[in-house]
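Dumped my_file-v2.cif below, it's mmCIF, C-alpha atoms:
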data_run
#
loop_
_atom_site.label_atom_id
_atom_site.label_comp_id
_atom_site.auth_asym_id
_atom_site.auth_seq_id
_atom_site.Cartn_x
_atom_site.Cartn_y
_atom_site.Cartn_z
CA MET A 1 22.92 63.15 -21.56
CA PRO A 2 20.61 66.14 -22.10
CA MET A 3 21.38 69.39 -20.34
CA VAL A 4 19.24 72.18 -18.96
CA GLU A 5 20.41 75.72 -18.55
CA VAL A 6 19.43 77.70 -15.47
CA ALA A 7 20.83 81.11 -14.55
CA GLY A 8 23.67 80.75 -17.04
CA LYS A 9 24.81 77.35 -15.80
CA SER A 10 24.23 73.97 -17.42
CA PHE A 11 23.03 70.93 -15.53
CA GLU A 12 22.78 67.34 -16.61
CA VAL A 13 19.39 65.64 -16.56
CA ASP A 14 18.37 62.12 -17.57
CA GLU A 15 16.17 61.29 -20.56
CA GLU A 16 13.05 61.93 -18.50
CA GLY A 17 14.26 65.26 -17.17
CA TYR A 18 15.32 64.19 -13.68
CA LEU A 19 18.40 65.98 -12.40
CA THR A 20 21.42 63.65 -12.54
CA ASN A 21 23.32 65.08 -9.58
CA LEU A 22 21.28 65.74 -6.49
CA ALA A 23 23.97 68.13 -5.25
CA ASP A 24 23.43 70.42 -8.27
CA TRP A 25 19.96 71.34 -7.06
CA THR A 26 19.10 74.90 -6.14
CA ARG A 27 15.78 76.64 -5.61
CA GLU A 28 16.17 78.17 -9.08
CA ILE A 29 16.55 74.74 -10.65
CA GLY A 30 13.45 73.62 -8.75
CA GLU A 31 11.57 76.56 -10.21
CA TYR A 32 12.83 75.75 -13.69
CA LEU A 33 11.82 72.09 -13.42
CA ALA A 34 8.41 73.11 -12.05
CA LYS A 35 7.82 75.38 -15.01
CA ASP A 36 8.65 72.47 -17.27
CA GLU A 37 6.02 70.42 -15.41
CA LYS A 38 3.56 73.34 -15.59
CA VAL A 39 3.32 73.52 -11.83
CA GLU A 40 3.06 76.94 -10.25
CA LEU A 41 4.98 76.72 -7.01
CA THR A 42 3.38 78.00 -3.81
CA ASP A 43 4.51 77.70 -0.20
CA SER A 44 2.50 74.48 0.03
CA HIS A 45 4.47 73.02 -2.87
CA TRP A 46 7.76 74.04 -1.30
CA GLU A 47 6.74 72.40 1.95
CA VAL A 48 6.41 69.06 0.15
CA ILE A 49 9.55 69.62 -1.93
CA ASN A 50 11.60 70.41 1.16
CA PHE A 51 10.10 67.42 2.91
CA LEU A 52 11.17 65.18 0.03
CA ARG A 53 14.72 66.53 0.10
CA GLU A 54 14.92 65.84 3.82
CA TYR A 55 13.52 62.36 3.28
CA TYR A 56 16.15 61.67 0.62
CA GLU A 57 18.91 63.03 2.83
CA GLU A 58 17.86 60.66 5.58
CA TYR A 59 17.09 57.50 3.59
CA GLN A 60 18.88 57.96 0.24
CA ILE A 61 15.77 57.07 -1.76
CA ALA A 62 12.79 58.83 -3.25
CA PRO A 63 9.76 57.38 -1.45
CA ALA A 64 6.85 55.54 -3.04
CA VAL A 65 3.70 57.65 -3.15
CA ARG A 66 2.05 55.60 -0.40
CA VAL A 67 5.08 56.00 1.84
CA LEU A 68 5.33 59.70 1.07
CA THR A 69 1.68 60.23 1.98
CA LYS A 70 2.13 58.45 5.27
CA ALA A 71 5.34 60.29 6.11
CA VAL A 72 3.79 63.68 5.27
CA ALA A 73 0.82 62.86 7.49
CA LYS A 74 3.18 62.10 10.33
CA LYS A 75 5.27 65.23 9.91
CA LEU A 76 2.80 67.85 8.61
CA GLY A 77 -0.53 66.44 9.75
CA PRO A 78 -3.31 64.34 8.23
CA ASP A 79 -4.87 67.28 6.35
CA LYS A 80 -1.70 67.34 4.22
CA GLY A 81 -0.78 63.68 4.30
CA ASN A 82 -3.53 62.46 2.01
CA ASN A 83 -3.81 61.74 -1.70
CA LYS A 84 -6.29 64.52 -2.45
CA TYR A 85 -4.08 67.27 -1.04
CA LEU A 86 -0.89 65.96 -2.64
CA TYR A 87 -2.44 65.31 -6.05
CA GLU A 88 -3.94 68.80 -6.07
CA LEU A 89 -0.45 70.20 -5.64
CA PHE A 90 1.18 67.77 -8.07
CA PRO A 91 -1.47 66.51 -10.51
CA TYR A 92 0.81 64.06 -12.31
CA GLY A 93 1.66 62.21 -9.12
CA PRO A 94 3.18 63.63 -5.95
CA ALA A 95 5.98 61.10 -5.94
CA LYS A 96 6.94 61.41 -9.58
CA GLN A 97 6.40 65.12 -10.16
CA ALA A 98 7.44 66.48 -6.77
CA CYS A 99 10.57 64.32 -6.79
CA LYS A 100 11.54 65.71 -10.16
CA ILE A 101 11.16 69.30 -8.99
CA ALA A 102 13.04 68.48 -5.79
CA GLY A 103 15.96 67.20 -7.86
CA LEU A 104 15.55 63.62 -6.63
CA PRO A 105 15.74 60.54 -8.82
CA LYS A 106 12.57 58.85 -9.97
CA PRO A 107 11.09 56.82 -7.11
CA THR A 108 12.18 53.19 -7.04
CA GLY A 109 9.79 50.98 -8.93
CA CYS A 110 8.23 53.90 -10.76
CA ILE A 111 7.60 52.81 -14.34
CA MET I 1 6.74 53.83 -6.58
CA SER I 2 4.49 54.11 -9.55
CA ASP I 3 1.02 55.42 -9.07
CA MET I 4 -0.09 52.54 -11.24
CA MET I 5 1.15 50.02 -8.72
CA ASP I 6 -0.62 51.82 -5.94
CA ASP I 7 -3.85 51.54 -7.90
CA MET I 8 -3.51 47.82 -7.63
CA GLU I 9 -3.78 47.96 -3.87
CA GLY I 10 -6.98 47.30 -2.05
CA GLY I 11 -8.00 44.25 -4.06
CA GLU I 12 -8.85 41.04 -2.26
CA GLY I 13 -5.56 39.45 -3.24
CA VAL I 14 -3.92 36.37 -1.84
CA VAL I 15 -1.23 37.12 0.70
CA LYS I 16 1.84 34.94 0.41
CA LYS I 17 4.92 34.74 2.56
CA PHE I 18 7.86 36.16 0.63
CA MET I 19 11.37 35.91 1.99
CA PHE I 20 14.27 37.77 0.44
CA VAL I 21 17.62 36.31 1.41
CA ASN I 22 20.64 38.59 1.20
CA ARG I 23 23.95 36.75 1.11
CA LYS I 24 26.46 39.12 -0.43
CA ALA I 25 28.58 42.06 0.68
CA PRO I 26 26.94 45.44 -0.06
CA HIS I 27 29.39 46.53 -2.74
CA GLY I 28 31.44 44.85 -5.43
CA THR I 29 28.39 43.24 -6.99
CA VAL I 30 24.97 44.67 -7.71
CA TYR I 31 23.09 42.00 -5.72
CA ALA I 32 22.60 43.88 -2.46
CA LEU I 33 21.22 47.05 -4.03
CA GLU I 34 19.07 45.16 -6.53
CA GLY I 35 17.74 42.97 -3.74
CA LEU I 36 16.84 46.01 -1.69
CA GLU I 37 15.04 47.61 -4.62
CA VAL I 38 13.04 44.46 -5.27
CA VAL I 39 11.97 44.45 -1.63
CA LEU I 40 10.91 48.10 -1.80
CA ILE I 41 8.85 47.34 -4.89
CA SER I 42 7.35 44.24 -3.33
CA ALA I 43 5.97 46.45 -0.55
CA ALA I 44 3.38 47.79 -2.99
CA PHE I 45 1.69 44.41 -3.26
CA ASP I 46 0.66 43.98 0.37
CA GLN I 47 2.38 40.66 0.85
CA ASP I 48 3.94 39.16 3.96
CA VAL I 49 7.55 40.16 3.31
CA SER I 50 10.59 39.29 5.37
CA MET I 51 14.28 39.86 4.79
CA VAL I 52 17.13 37.64 5.86
CA PHE I 53 20.77 38.64 6.08
CA THR I 54 23.23 35.79 6.17
CA ASP I 55 26.83 35.06 5.15
CA ASP I 56 28.48 38.31 3.88
CA GLY I 57 24.94 39.72 3.57
CA VAL I 58 25.17 40.79 7.22
CA TYR I 59 27.67 43.45 6.08
CA GLU I 60 24.81 45.17 4.22
CA LEU I 61 23.48 46.38 7.56
CA ILE I 62 26.71 47.74 9.02
CA LYS I 63 26.35 51.07 10.77
CA GLY I 64 28.59 53.98 9.80
CA MET I 65 29.38 52.82 6.27
CA ASN I 66 31.62 55.09 4.22
CA THR I 67 31.78 54.44 0.49
CA LYS I 68 33.71 57.55 -0.55
CA GLY I 69 36.88 55.58 -1.27
CA ILE I 70 35.18 53.30 -3.77
CA GLU I 71 33.04 56.06 -5.28
CA VAL I 72 29.71 54.31 -5.08
CA LYS I 73 26.47 55.37 -3.48
CA ASP I 74 26.04 54.38 0.17
CA PHE I 75 22.55 52.94 0.28
CA SER I 76 22.84 51.54 3.79
CA LYS I 77 20.58 54.31 5.15
CA THR I 78 17.83 53.02 2.89
CA TYR I 79 17.41 49.97 5.13
CA ARG I 80 16.07 52.40 7.71
CA ALA I 81 13.30 53.39 5.30
CA LEU I 82 11.95 49.82 5.25
CA GLU I 83 9.86 50.49 8.34
CA GLY I 84 7.95 53.19 6.46
CA TYR I 85 7.26 50.61 3.76
CA ASP I 86 5.82 48.30 6.44
CA ILE I 87 8.66 45.84 6.03
CA GLU I 88 9.58 45.15 9.61
CA LYS I 89 10.60 41.50 9.62
CA LEU I 90 14.36 41.60 9.38
CA TYR I 91 16.36 38.56 10.43
CA VAL I 92 20.08 37.95 10.68
CA GLU I 93 21.77 34.63 11.15
CA LYS I 94 23.74 34.31 14.36
CA ALA I 95 26.58 32.17 12.99
CA SER I 96 27.21 34.68 10.18
CA MET I 97 27.35 37.50 12.72
CA ASP I 98 29.66 35.58 15.06
CA ALA I 99 32.02 34.57 12.26
CA ARG I 100 32.47 38.25 11.39
CA GLY I 101 32.70 39.52 14.94
CA LEU I 102 29.46 41.48 14.66
CA SER I 103 26.69 42.10 17.16
CA GLU I 104 23.27 43.74 16.85
CA ASP I 105 24.80 47.01 18.05
CA ASP I 106 26.87 47.17 14.86
CA LEU I 107 23.77 47.24 12.67
CA ILE I 108 21.86 50.22 11.29
CA VAL I 109 18.39 48.72 11.89
CA ASP I 110 16.68 46.60 14.53
CA VAL I 111 16.84 42.93 13.65
CA THR I 112 15.91 39.58 15.08
CA VAL I 113 18.87 37.24 15.47
CA LEU I 114 18.13 33.59 14.69
CA ASP I 115 20.30 30.53 14.98
CA SER I 116 20.64 28.22 11.99
CA ALA I 117 17.88 25.83 13.08
CA GLU I 118 15.41 28.71 13.66
CA MET I 119 16.37 30.18 10.30
CA ALA I 120 15.79 26.86 8.58
CA SER I 121 12.30 26.47 10.02
CA LEU I 122 11.43 30.09 9.14
CA MET I 123 12.52 29.40 5.56
CA ALA I 124 10.45 26.23 5.48
CA GLU I 125 7.32 28.29 6.32
CA GLN I 126 7.67 30.55 3.28
CA ASP I 127 5.70 30.36 0.05
CA VAL I 128 8.48 32.05 -1.89
CA VAL I 129 12.18 32.40 -1.09
CA ILE I 130 14.27 34.64 -3.34
CA SER I 131 18.00 34.78 -2.89
CA PHE I 132 20.33 37.65 -3.76
#

Same coordinates, now as structure tokens:
Amino acid sequence: MPMVEVAGKSFEVDEEGYLTNLADWTREIGEYLAKDEKVELTDSHWEVINFLREYYEEYQIAPAVRVLTKAVAKKLGPDKGNNKYLYELFPYGPAKQACKIAGLPKPTGCI
Amino acid sequence: MSDMMDDMEGGEGVVKKFMFVNRKAPHGTVYALEGLEVVLISAAFDQDVSMVFTDDGVYELIKGMNTKGIEVKDFSKTYRALEGYDIEKLYVEKASMDARGLSEDDLIVDVTVLDSAEMASLMAEQDVVISF
């Protein structure tokens, strides 16, 4: 398995760069993974990342993009729970890219 | 779910009745988890999806599961995510529950309990029945 090094510590990632152990995740690792994805993290990004971590904690899965959008709309309001807003934050797919930065596995069914 | 799959939504597709039948205990084999993942994926295709839990499959929905001792992931909470995927037709078979001393209160999600005859007629209505 490939490793990434953040703040002097090594962490295992899978072949696509997703963190292997959810529990390893720290804000610093999130920042490192974001840099790798060329995403500059703002408070709006963190809001979605934190939401995803809470979602995973509750349901033990990374949600499909459609489900994520709906859940964000419910929790943070319709102006954030829509494709335009989420794709602006995470251009390569809110589910795929935001999950990676949040240290979650790739969403189920994601090819 | 893949963004690609989501792109396939919105077409004027045919809606079929898909039933996924879960018959096995949650751990020890990969059936329960694989079955659950297939159902989550199927949600992207806007079909009429229902899930049935029968035989040892009713154990998949047990509340308060603890898998630490066998060192596998506890995915039982994921059944609670089904609602967000618009999969809300969950059925359990009464005889399977009775035989294992279980009631609806022991389960992690809301279900409809059917007796064997009701289950049989529900199965007969389906276009596709897939068993795990």

Please identify every residue of stretch 37-80 of chain I that has at least one atom no farther than 10 Å from an atom of stretch 58-72 of chain A, counting all atoms listed in the file, and for each give the shortest atom pair and the distance in Å to one decimal, arranged by chain then increasing number, as CSV.
residue,atom,partner,partner_atom,distance
I:Glu37,CA,A:Ile61,CA,9.9
I:Leu40,CA,A:Ala64,CA,8.6
I:Ile41,CA,A:Ala64,CA,8.6
I:Ala43,CA,A:Ala64,CA,9.5
I:Ala44,CA,A:Arg66,CA,8.3
I:Lys73,CA,A:Gln60,CA,8.8
I:Asp74,CA,A:Gln60,CA,8.0
I:Phe75,CA,A:Gln60,CA,6.2
I:Ser76,CA,A:Tyr59,CA,8.3
I:Lys77,CA,A:Tyr59,CA,5.0
I:Thr78,CA,A:Tyr59,CA,4.6
I:Tyr79,CA,A:Tyr59,CA,7.7
I:Arg80,CA,A:Tyr59,CA,6.6

One-decimal distance in Å that lies between atom CA of I:Ala81 and atom CA of A:Val39: 28.3 Å

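Taking atom CA of A:Val13 and atom CA of A:Met1 as the two end points, the separation is 6.6 Å.
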
Would you kindly translate the PyMOL selection byres ((chain I and resi 59) around 12) into the concrete residues it picks from this file, as a compact mmCIF listing (two decimals) with C-alpha atoms, in the coordinates of the input?
# COMPACT_ATOMS: atom_id res chain seq x y z
CA ASN I 22 20.64 38.59 1.20
CA ARG I 23 23.95 36.75 1.11
CA LYS I 24 26.46 39.12 -0.43
CA ALA I 25 28.58 42.06 0.68
CA PRO I 26 26.94 45.44 -0.06
CA HIS I 27 29.39 46.53 -2.74
CA ALA I 32 22.60 43.88 -2.46
CA PHE I 53 20.77 38.64 6.08
CA THR I 54 23.23 35.79 6.17
CA ASP I 55 26.83 35.06 5.15
CA ASP I 56 28.48 38.31 3.88
CA GLY I 57 24.94 39.72 3.57
CA VAL I 58 25.17 40.79 7.22
CA GLU I 60 24.81 45.17 4.22
CA LEU I 61 23.48 46.38 7.56
CA ILE I 62 26.71 47.74 9.02
CA LYS I 63 26.35 51.07 10.77
CA GLY I 64 28.59 53.98 9.80
CA MET I 65 29.38 52.82 6.27
CA SER I 76 22.84 51.54 3.79
CA VAL I 92 20.08 37.95 10.68
CA GLU I 93 21.77 34.63 11.15
CA SER I 96 27.21 34.68 10.18
CA MET I 97 27.35 37.50 12.72
CA ALA I 99 32.02 34.57 12.26
CA ARG I 100 32.47 38.25 11.39
CA GLY I 101 32.70 39.52 14.94
CA LEU I 102 29.46 41.48 14.66
CA SER I 103 26.69 42.10 17.16
CA GLU I 104 23.27 43.74 16.85
CA ASP I 106 26.87 47.17 14.86
CA LEU I 107 23.77 47.24 12.67
CA ILE I 108 21.86 50.22 11.29

Chain and number of each residue from the PyMOL selection byres ((chain A and resi 101) around 9), as a ChimeraX atom specification: /A:18-19,29-34,37,49,96-100,102-104

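Each of I:Leu33, I:Val21, I:Val14, I:Ala95 was checked against chain A using only C-alpha atoms; the smallest atom-to-atom distance is that of I:Leu33.
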
Among the residues I:Gly13, I:Met19, I:Gly28, I:Phe45, the one that comes closest to I:Ala124 [using only C-alpha atoms]: I:Met19

Residues within 9 Å of (13.2, 37.5, 2.3), counting only C-alpha atoms, listed as an MDAnalysis selection string: chainID I and resid 17:22 39 49:53 89:91 123 126 128:131
